[in-house]
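To start, the structure itself, in structure tokens.
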Amino acid sequence: MNPKDIIIRPIITEKSMAGMQVEEGESVKYTFEVAKKANKIEIAKAVEACFPDVKVIKVNTMNVRGRHRRQGRYEGFTPAWKKAIVTLSPDSKPIEFFEGLI
């Protein structure tokens with residue numbers, strides 16, 4: 001798989017932004033929406049390929065279920081997706097995309 005096919009988009013929430021604000025010497029965590037069929041090894045390689053000077057230590061993944069939604073008289077479920085929390089080594093550079101958001 002192409003690394004751009006594995007990483008779909010970054011997740012920007014209050015909780016994910018709190019993982020980026022750590023003190024010196026600690027590891028930084030970034031959250032991404034990833035392809036449902038991607039495993040942890042493929043996600044780690046895709047992050048290292050897309051963002052230079054980044055060293056991935058650990059990847060935590062979780063499947064997010066679709067939520068029940070109603071729009072007037074119509075109802076259904078939002079699509080299910082996969083979330084990955086990527087932990088970088090303390091000596092790796094931060095990802096530039098997220099730097100303007102903090």
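Labeling convention for the structure tokens: chains A, B, ... as they appear, residues from 1 per chain, ligands from 1 in order of appearance.
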Contacts of A:Lys55 at 6 Å (only C-alpha atoms; same-chain gap of 6+ positions) as a PyMOL selection string: chain A and resi 88-89+92
Take the residues from that selection and write them out as a tab-separated table (two decimals), in the first residue's frame, keeping C-alpha atoms.
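Saved file result25.tsv follows:
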```tsv
chain	number	residue	atom	x	y	z
A	88	LEU	CA	7.26	9.35	18.53
A	89	SER	CA	10.66	9.03	20.15
A	92	SER	CA	12.66	12.88	16.81
```
Using only C-alpha atoms, which residues sit within 8 Å of A:Val34 once same-chain residues fewer than 5 positions away are excluded, as a list in words? Ile6, Ile7, Ile8, Arg9, Ile43, Trp81, Lys82, Lys83 and Ala84 of chain A
Would you write out those residues with N, CA and C atoms, as a compact mmCIF listing (two decimals), in the first residue's frame?
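Wrote it out as selection-v1.txt, contents follow:
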```txt
# COMPACT_ATOMS: atom_id res chain seq x y z
N ILE A 6 -2.66 4.86 3.41
CA ILE A 6 -2.81 4.36 4.78
C ILE A 6 -3.25 5.48 5.71
N ILE A 7 -2.57 6.63 5.65
CA ILE A 7 -2.92 7.75 6.51
C ILE A 7 -3.96 8.60 5.79
N ILE A 8 -5.18 8.63 6.31
CA ILE A 8 -6.27 9.33 5.65
C ILE A 8 -6.29 10.80 6.05
N ARG A 9 -6.31 11.07 7.36
CA ARG A 9 -6.33 12.47 7.82
C ARG A 9 -5.91 12.53 9.28
N ILE A 43 1.25 1.19 9.52
CA ILE A 43 0.99 2.56 9.95
C ILE A 43 2.30 3.24 10.36
N TRP A 81 -14.69 3.73 11.33
CA TRP A 81 -13.34 4.05 10.88
C TRP A 81 -12.32 3.58 11.90
N LYS A 82 -11.05 3.66 11.54
CA LYS A 82 -9.97 3.20 12.40
C LYS A 82 -9.10 4.39 12.80
N LYS A 83 -8.77 4.44 14.09
CA LYS A 83 -7.96 5.52 14.63
C LYS A 83 -6.63 4.96 15.11
N ALA A 84 -5.55 5.70 14.85
CA ALA A 84 -4.22 5.28 15.30
C ALA A 84 -3.59 6.41 16.09
```
Would you compute the distance between atom CA of A:Ile41 and atom CA of A:Lys58? Give it in Å to one decimal. 9.4 Å
So, with only C-alpha atoms as the atoms that count, which of A:Phe98, A:Asn2, A:Asn63, A:Lys93 lies closest to A:Lys45?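 Checking each candidate against A:Lys45, we get A:Asn2 as the closest.
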From the options A:Lys15, A:Lys29, A:Arg67, A:Lys4, which residue's atoms come nearest to A:Glu42, counting only C-alpha atoms?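 Going through A:Lys15, A:Lys29, A:Arg67, A:Lys4 one by one, the smallest distance to A:Glu42 is for A:Lys4.
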Nearest to A:Ser27 among A:Pro79, A:Pro90, A:Pro52, A:Gly72, with distances taken over only C-alpha atoms: which residue is it?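 For A:Ser27, the nearest of the candidates is A:Pro90.
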Looking at A:Met20, A:Ile12, A:Met1, A:Ala44, which one is nearest to A:Ile57, with distances taken over only C-alpha atoms? A:Ala44
